[in-house]
Amino acid sequence: MLRTHTCGELNKSHTGQKVSLTGWVHHRRDHGGIIFIDLRDRYGLTQIKFDPSKKDIWEDADKLRNEWVVRATGLVVSRPENTANEKIGTGEIEVEVEELEILNKSKTLPFELKENTEEANEALRLKYRFIDLRRPELQRLLKLKDEYMQCMRNYLHERGFTEIQTPILANSSPEGARDFLVPSRLHPGKFYALPQAPQQFKQLLMVGGVDKYFQIAPCFRDEDPRMDRHYGEFYQLDMEMSFVTQEDVFEIMEPLMIELTEKFSNKKITNLEENGRFKRLPWKEALTRYGSDKPDLRFDLEIKPVTELVKDCGFGVFSQAVQNGGVVHALKVEKGSEFTRKEIDNLTETAKAKEAKGLAYISIKENEISSPIVKFLGDELTAKLIKELNAKTGDIIFFAADEWKIACLSLGAVRNECANMLGLKDNTKAAWCWIVDFPMYSYSEIEPEKIDFEHNPFSMPQGGLQSLIEKDPLDILAFQYDLVLNGFEASSGAIRNHDPEIMYKAFEIAGYSKEEVDAQFGALIRAFEFGAPPHGGNAPGIDRILMVLSDLDSIRDIYAFPKDGKGKDLMMDSPSEVTEKQLKELNIKIK
RNA sequence: GGAUCCGUAGCGAAAUUGGUUAUCGCGCCUCCCUGUCACGGAGGAGAUUGCCGGUUCGAGUCCGGUCGGGUCCGCCA
């Protein structure tokens with residue numbers, strides 16, 4: 001070893017020892033007749049000092065610059081009276097350097113690493129990620145992620161789960177996101193796809209009798225990134241169990257999520273049921289009451305249907321919406337009457353982005369009701385609405401009149417934005433909940449009359465085959481559930497459909513022939529014909545959860561080497577062009 | 001694909017209504033300094049204001065385009 005100690009471990013008890021430290025020059029304070037260097041490694045800082053009496057090393061010490069890598073050997077001494085640095089753990093001692101070895105030099109950094117300096121822009125930091133990683137905060141996050149993954153692994157191992165790796169070179173799957181394709185050299189014209197999730201493999205493991213599987217699984221999706229969605233690749237704690245019900249999955253997951261929250265955040269878990277379990281919200285209720293299938297339950301702001309009250313009113317926007325089979329929902333926001341005109345305009349844009357046609361409101365000010373719609377509603381109905389919503393002076397009520405889903409989602413977006421504006425998102429809280437009872441089917445967004453899978457075609461319909469035969473497809477619920485944390489989707493899972501007959505029937509309703517199902521999901525269906533156990537599981541997005549637990553503004557901070565917002569690796573300059581020879585071998589022509 | 005914000009020395013920022021030589025802090029370089037720890041002092045270098053074009057006597061500032069980046073919608077579990 002080049003060192004006897006790290007830069008974080010020396011203290012008074014080491015006084016008098018001869019030690020060797022290695023690290024980076026973090027800071028240099030040259031006093032002419034004495035030079036102090038703060039030597040840094042990932043464990044901490046130690047002050048080393050040079051004085052001119054040791055002529056042979058003084059010259060070298062004078063040359064040292066920031067981020068040079070050195071090895072210093074010398075005596076640990078107590079600092080003189082009143083010169084200890086209380087800010088660092090090693091502040092009571094320093095090392096009197098007797099031998100100095102310059103292990104490497106450094107150019108002037110493209111941005112500063114010092115504490116108390118503003119962060120440089122992200123593109124620059126990503127290009128020089130290897131420098132940015134030296135910052136204590138990123139060091140901390142790398143370590144945190146390691147411990148976080150260890151915690152999950154331990155938890156599941158202790159409960160009899162087996163970690164199994166599934167293929168990275170897999171097959172394109174017709175459902176879901178865009179695939180990353182990998183051309184096959186041995187099979188010209190054919191392609192592998194990187195897995196969007198190990199979904200089919202883990203189900204096949206269940207058929208293979210594994211019983212309890214998990215994997216910190218890389219997942220690949222070629223979709224545009226978001227603040228909570230890393231481009232291209234991300235990781236799920238993918239898990240699956242045989243012979244379980246939805247309840248069994250919840251029982252396994254909840255204590256793990258609680259443990260992760262307690263160990264890896266400073267947040268207090270709120271919104272638990274009296275029995276200590278996570279709240280469960282049926283999908284339909286979540287959309288109606290919170291306007292989202294991933295509601296943020298750290299704050300109330302509840303939406304109320306007022307369809308019955310306004311269905312025959314004189315305000316055409318409301319009554320027409322109801323006549324067309326739609327609904328009218330209302331959101332009361334306390335203290336919302338203080339919103340400025342511009343803020344309300346912005347909220348209207350927020351609603352419109354979710355396909356609402358506009359955003360009606362009643363603002364209850366001191367001695368005055370400000371609203372563009374009161375003249376149509378009339379005083380009586382206005383009073384009724386205010387009463388129904390229990391609104392007081394200072395509040396504002398927003399309305400959405402549209403088909404059910406648009407009314408829900410647009411008002412949900414407004415709810416979310418109001419919470420931002422009013423500072424209702426309390427980062428000291430962790431509000432977990434399950435969204436359950438997802439619908440199995442909905443009308444296709446592309447062909448309005450066509451029935452399509454709402455979520456995931458592999459879920460078991462509630463009521464099984466009988467439901468599929470007897471019920472209106474739009475009324476069929478699935479054993480499908482999402483786990484939500486502070487308004488972020490933390491996980492998604494299901495009890496799977498393991499029965500070939502139910503599978504074919506489920507696909508038939510969505511318009512797939514037996515042949516099509518065989519062609520697209522052949523391996524899975526074939527497997528189910530050979531004794532598939534009932535099974536289910538879920539797959540928490542571990543990076544996103546840690547991002548929320550750590551209050552980070554970007555999921556990129558969770559990755560050692562993240563892609564930028566356009567999917568590029570600025571450090572490695574990928575994606576990049578390849579040689580003609582490579583393309584030729586793969587039978588690929590670039591247009 | 002769409003919306004929106006941003007782009008000024010290596011980094012972070014400033015620059016009234018368009019007006020002289022583009023300012024400040026940090027960093028960098030040289031010199032001085034034996035107890036600092038965001039050391040201090042003196043001096044210095046460093047900019048085609050992302051790029052192209054336009055309006056104007058005059059553009060960092062206004063207009064059009066373009067490139068790059070952030071966030072959001074679409075998309076995505």
# chains A, B, ... in the order shown; residues from 1 in each chain; ligands from 1
call {"tool": "select_by_dssp", "arguments": {"residues": "stretch 333-445 of chain A", "states": "alpha helix (DSSP H)", "output": "PyMOL selection string"}}
result
chain A and resi 341-353+374-377+379-388+404-421
call {"tool": "residues_around", "arguments": {"residues": "A:Glu343", "least_positions_apart": "6", "cutoff": "12 Å", "atoms": "only C-alpha atoms (C1' of nucleotides)", "output": "NGL selection string"}}
result
:A and (336-337 or 349-350 or 414 or 417-418 or 420-422)
call {"tool": "write_last_selection", "arguments": {"atoms": "C-alpha atoms", "output": "PDB file, in the first residue's frame"}}
result
ATOM      1  CA  GLY A 336     -56.162  30.264  -3.625  1.00  0.00           C
ATOM      2  CA  SER A 337     -58.025  33.546  -3.981  1.00  0.00           C
ATOM      3  CA  GLU A 349     -52.415  26.267 -19.420  1.00  0.00           C
ATOM      4  CA  THR A 350     -51.617  23.415 -17.066  1.00  0.00           C
ATOM      5  CA  VAL A 414     -53.973  21.828 -11.431  1.00  0.00           C
ATOM      6  CA  GLU A 417     -49.389  22.858  -9.524  1.00  0.00           C
ATOM      7  CA  CYS A 418     -51.352  24.561  -6.747  1.00  0.00           C
ATOM      8  CA  ASN A 420     -46.221  23.712  -5.727  1.00  0.00           C
ATOM      9  CA  MET A 421     -47.408  27.310  -5.630  1.00  0.00           C
ATOM     10  CA  LEU A 422     -48.585  27.092  -2.053  1.00  0.00           C
TER      11      LEU A 422
END
call {"tool": "closest_residue", "arguments": {"among": "A:Lys263, A:His535, A:Lys563, A:Lys18", "to": "A:Leu205", "atoms": "only C-alpha atoms"}}
result
A:His535
call {"tool": "interface_residues", "arguments": {"of": "chain B", "to": "chain A", "cutoff": "10 Å", "atoms": "only C-alpha atoms (C1' of nucleotides)", "output": "list in words"}}
result
A3, G10, C11, G12, A13, C26, G27, C28, C32, C33, U34, G35, U36, C37, A38, C39, G40, G68, G69, G70, U71, C72, C73, G74, C75, C76 and A77 of chain B
call {"tool": "write_last_selection", "arguments": {"atoms": "C-alpha atoms (C1' of nucleotides)", "output": "mmCIF file, in the first residue's frame"}}
result
data_model
loop_
_atom_site.group_PDB
_atom_site.id
_atom_site.type_symbol
_atom_site.label_atom_id
_atom_site.label_comp_id
_atom_site.auth_asym_id
_atom_site.auth_seq_id
_atom_site.Cartn_x
_atom_site.Cartn_y
_atom_site.Cartn_z
ATOM 1 C "C1'" A B 3 -44.383 24.398 -25.412
ATOM 2 C "C1'" G B 10 -11.788 28.381 -17.275
ATOM 3 C "C1'" C B 11 -16.325 28.691 -13.565
ATOM 4 C "C1'" G B 12 -20.476 31.593 -11.417
ATOM 5 C "C1'" A B 13 -22.778 36.033 -12.294
ATOM 6 C "C1'" C B 26 -13.765 32.712 -7.878
ATOM 7 C "C1'" G B 27 -9.976 30.225 -10.537
ATOM 8 C "C1'" C B 28 -5.179 30.804 -13.333
ATOM 9 C "C1'" C B 32 5.823 39.094 -1.142
ATOM 10 C "C1'" C B 33 4.379 36.677 3.442
ATOM 11 C "C1'" U B 34 6.162 30.983 9.358
ATOM 12 C "C1'" G B 35 -0.066 29.234 11.759
ATOM 13 C "C1'" U B 36 -3.444 29.322 7.770
ATOM 14 C "C1'" C B 37 -7.771 26.462 6.955
ATOM 15 C "C1'" A B 38 -12.930 30.100 1.613
ATOM 16 C "C1'" C B 39 -5.293 32.679 4.509
ATOM 17 C "C1'" G B 40 -3.636 37.721 3.352
ATOM 18 C "C1'" G B 68 -26.561 23.672 -27.793
ATOM 19 C "C1'" G B 69 -28.665 22.894 -22.825
ATOM 20 C "C1'" G B 70 -32.705 22.664 -18.713
ATOM 21 C "C1'" U B 71 -37.860 21.716 -17.572
ATOM 22 C "C1'" C B 72 -42.705 20.284 -19.145
ATOM 23 C "C1'" C B 73 -46.516 18.026 -22.750
ATOM 24 C "C1'" G B 74 -46.733 14.029 -26.152
ATOM 25 C "C1'" C B 75 -44.252 9.303 -25.341
ATOM 26 C "C1'" C B 76 -43.020 6.050 -21.234
ATOM 27 C "C1'" A B 77 -44.543 1.666 -15.766
#
call {"tool": "select_by_dssp", "arguments": {"residues": "stretch 239-315 of chain A", "states": "strand (DSSP E or B)", "output": "VMD selection string"}}
result
chain A and resid 239 to 242 268 to 270 272 278 to 282 303 to 305
call {"tool": "write_last_selection", "arguments": {"atoms": "N, CA and C atoms", "output": "PDB file, in the first residue's frame"}}
result
ATOM      1  N   MET A 239     -38.957  -8.368  -8.889  1.00  0.00           N
ATOM      2  CA  MET A 239     -39.188  -9.552  -8.044  1.00  0.00           C
ATOM      3  C   MET A 239     -40.494 -10.239  -8.416  1.00  0.00           C
ATOM      4  N   GLU A 240     -40.513 -11.542  -8.175  1.00  0.00           N
ATOM      5  CA  GLU A 240     -41.694 -12.327  -8.518  1.00  0.00           C
ATOM      6  C   GLU A 240     -41.785 -13.519  -7.573  1.00  0.00           C
ATOM      7  N   MET A 241     -43.010 -13.875  -7.229  1.00  0.00           N
ATOM      8  CA  MET A 241     -43.231 -14.999  -6.310  1.00  0.00           C
ATOM      9  C   MET A 241     -44.325 -15.904  -6.864  1.00  0.00           C
ATOM     10  N   SER A 242     -44.210 -17.183  -6.549  1.00  0.00           N
ATOM     11  CA  SER A 242     -45.249 -18.130  -6.962  1.00  0.00           C
ATOM     12  C   SER A 242     -46.223 -18.377  -5.823  1.00  0.00           C
ATOM     13  N   LYS A 268     -40.388  11.340   7.376  1.00  0.00           N
ATOM     14  CA  LYS A 268     -41.259  10.625   8.279  1.00  0.00           C
ATOM     15  C   LYS A 268     -42.410  10.058   7.455  1.00  0.00           C
ATOM     16  N   ILE A 269     -42.686   8.798   7.657  1.00  0.00           N
ATOM     17  CA  ILE A 269     -43.745   8.165   6.878  1.00  0.00           C
ATOM     18  C   ILE A 269     -45.105   8.606   7.414  1.00  0.00           C
ATOM     19  N   THR A 270     -45.918   9.148   6.521  1.00  0.00           N
ATOM     20  CA  THR A 270     -47.251   9.603   6.922  1.00  0.00           C
ATOM     21  C   THR A 270     -48.289   8.780   6.169  1.00  0.00           C
ATOM     22  N   LEU A 272     -50.128   6.342   6.899  1.00  0.00           N
ATOM     23  CA  LEU A 272     -50.298   4.901   7.083  1.00  0.00           C
ATOM     24  C   LEU A 272     -51.703   4.632   7.626  1.00  0.00           C
ATOM     25  N   PHE A 278     -49.818   0.298   4.315  1.00  0.00           N
ATOM     26  CA  PHE A 278     -49.975   1.371   3.332  1.00  0.00           C
ATOM     27  C   PHE A 278     -51.433   1.492   2.910  1.00  0.00           C
ATOM     28  N   LYS A 279     -51.847   2.726   2.707  1.00  0.00           N
ATOM     29  CA  LYS A 279     -53.189   2.987   2.198  1.00  0.00           C
ATOM     30  C   LYS A 279     -53.341   2.376   0.801  1.00  0.00           C
ATOM     31  N   ARG A 280     -54.537   1.881   0.505  1.00  0.00           N
ATOM     32  CA  ARG A 280     -54.791   1.391  -0.849  1.00  0.00           C
ATOM     33  C   ARG A 280     -55.901   2.207  -1.475  1.00  0.00           C
ATOM     34  N   LEU A 281     -55.632   2.742  -2.607  1.00  0.00           N
ATOM     35  CA  LEU A 281     -56.642   3.532  -3.308  1.00  0.00           C
ATOM     36  C   LEU A 281     -56.996   2.825  -4.596  1.00  0.00           C
ATOM     37  N   PRO A 282     -58.269   2.503  -4.777  1.00  0.00           N
ATOM     38  CA  PRO A 282     -58.655   1.978  -6.086  1.00  0.00           C
ATOM     39  C   PRO A 282     -58.354   3.028  -7.149  1.00  0.00           C
ATOM     40  N   ILE A 303     -60.382  16.557  -4.764  1.00  0.00           N
ATOM     41  CA  ILE A 303     -61.302  16.929  -5.844  1.00  0.00           C
ATOM     42  C   ILE A 303     -62.669  16.296  -5.577  1.00  0.00           C
ATOM     43  N   LYS A 304     -63.732  17.057  -5.858  1.00  0.00           N
ATOM     44  CA  LYS A 304     -65.077  16.528  -5.630  1.00  0.00           C
ATOM     45  C   LYS A 304     -65.905  16.583  -6.903  1.00  0.00           C
ATOM     46  N   PRO A 305     -66.592  15.499  -7.212  1.00  0.00           N
ATOM     47  CA  PRO A 305     -67.529  15.565  -8.338  1.00  0.00           C
ATOM     48  C   PRO A 305     -68.730  16.438  -7.953  1.00  0.00           C
TER      49      PRO A 305
END
call {"tool": "decode", "arguments": {"residues": "stretch 2-51 of chain B", "atoms": "C-alpha atoms (C1' of nucleotides)", "output": "PDB file, in the first residue's frame"}}
result
ATOM      1  C1'   G B   2     -44.830  20.548 -29.472  1.00  0.00           C
ATOM      2  C1'   A B   3     -44.383  24.398 -25.412  1.00  0.00           C
ATOM      3  C1'   U B   4     -41.228  27.193 -22.379  1.00  0.00           C
ATOM      4  C1'   C B   5     -36.779  29.114 -20.072  1.00  0.00           C
ATOM      5  C1'   C B   6     -31.532  29.719 -20.746  1.00  0.00           C
ATOM      6  C1'   G B   7     -26.624  30.683 -23.569  1.00  0.00           C
ATOM      7  C1'   U B   8     -21.515  37.036 -21.647  1.00  0.00           C
ATOM      8  C1'   A B   9     -13.242  35.096 -19.996  1.00  0.00           C
ATOM      9  C1'   G B  10     -11.788  28.381 -17.275  1.00  0.00           C
ATOM     10  C1'   C B  11     -16.325  28.691 -13.565  1.00  0.00           C
ATOM     11  C1'   G B  12     -20.476  31.593 -11.417  1.00  0.00           C
ATOM     12  C1'   A B  13     -22.778  36.033 -12.294  1.00  0.00           C
ATOM     13  C1'   A B  14     -23.580  41.861 -13.764  1.00  0.00           C
ATOM     14  C1'   A B  15     -24.257  45.411 -17.658  1.00  0.00           C
ATOM     15  C1'   U B  16     -30.701  51.640 -16.769  1.00  0.00           C
ATOM     16  C1'   U B  17     -34.240  53.397 -22.177  1.00  0.00           C
ATOM     17  C1'   G B  18     -29.718  50.378 -27.778  1.00  0.00           C
ATOM     18  C1'   G B  19     -24.450  54.615 -26.407  1.00  0.00           C
ATOM     19  C1'   U B  20     -17.438  55.325 -25.128  1.00  0.00           C
ATOM     20  C1'   U B  21     -12.276  50.811 -23.573  1.00  0.00           C
ATOM     21  C1'   A B  22     -18.100  44.808 -21.580  1.00  0.00           C
ATOM     22  C1'   U B  23     -17.986  44.841 -15.002  1.00  0.00           C
ATOM     23  C1'   C B  24     -17.535  41.824 -10.420  1.00  0.00           C
ATOM     24  C1'   G B  25     -16.312  37.354  -7.524  1.00  0.00           C
ATOM     25  C1'   C B  26     -13.765  32.712  -7.878  1.00  0.00           C
ATOM     26  C1'   G B  27      -9.976  30.225 -10.537  1.00  0.00           C
ATOM     27  C1'   C B  28      -5.179  30.804 -13.333  1.00  0.00           C
ATOM     28  C1'   C B  29       0.120  33.162 -13.754  1.00  0.00           C
ATOM     29  C1'   U B  30       4.274  36.232 -11.248  1.00  0.00           C
ATOM     30  C1'   C B  31       6.130  38.371  -6.756  1.00  0.00           C
ATOM     31  C1'   C B  32       5.823  39.094  -1.142  1.00  0.00           C
ATOM     32  C1'   C B  33       4.379  36.677   3.442  1.00  0.00           C
ATOM     33  C1'   U B  34       6.162  30.983   9.358  1.00  0.00           C
ATOM     34  C1'   G B  35      -0.066  29.234  11.759  1.00  0.00           C
ATOM     35  C1'   U B  36      -3.444  29.322   7.770  1.00  0.00           C
ATOM     36  C1'   C B  37      -7.771  26.462   6.955  1.00  0.00           C
ATOM     37  C1'   A B  38     -12.930  30.100   1.613  1.00  0.00           C
ATOM     38  C1'   C B  39      -5.293  32.679   4.509  1.00  0.00           C
ATOM     39  C1'   G B  40      -3.636  37.721   3.352  1.00  0.00           C
ATOM     40  C1'   G B  41      -1.117  41.606   0.145  1.00  0.00           C
ATOM     41  C1'   A B  42       0.767  43.613  -4.797  1.00  0.00           C
ATOM     42  C1'   G B  43       0.653  43.008  -9.940  1.00  0.00           C
ATOM     43  C1'   G B  44      -0.845  40.373 -14.532  1.00  0.00           C
ATOM     44  C1'   A B  45      -3.016  37.395 -18.368  1.00  0.00           C
ATOM     45  C1'   G B  46      -7.589  35.790 -20.014  1.00  0.00           C
ATOM     46  C1'   A B  47     -13.939  37.477 -24.130  1.00  0.00           C
ATOM     47  C1'   U B  48     -15.203  37.180 -31.908  1.00  0.00           C
ATOM     48  C1'   U B  49     -21.168  38.288 -25.538  1.00  0.00           C
ATOM     49  C1'   G B  50     -23.117  30.237 -28.831  1.00  0.00           C
ATOM     50  C1'   C B  51     -23.414  30.854 -34.369  1.00  0.00           C
TER      51        C B  51
END
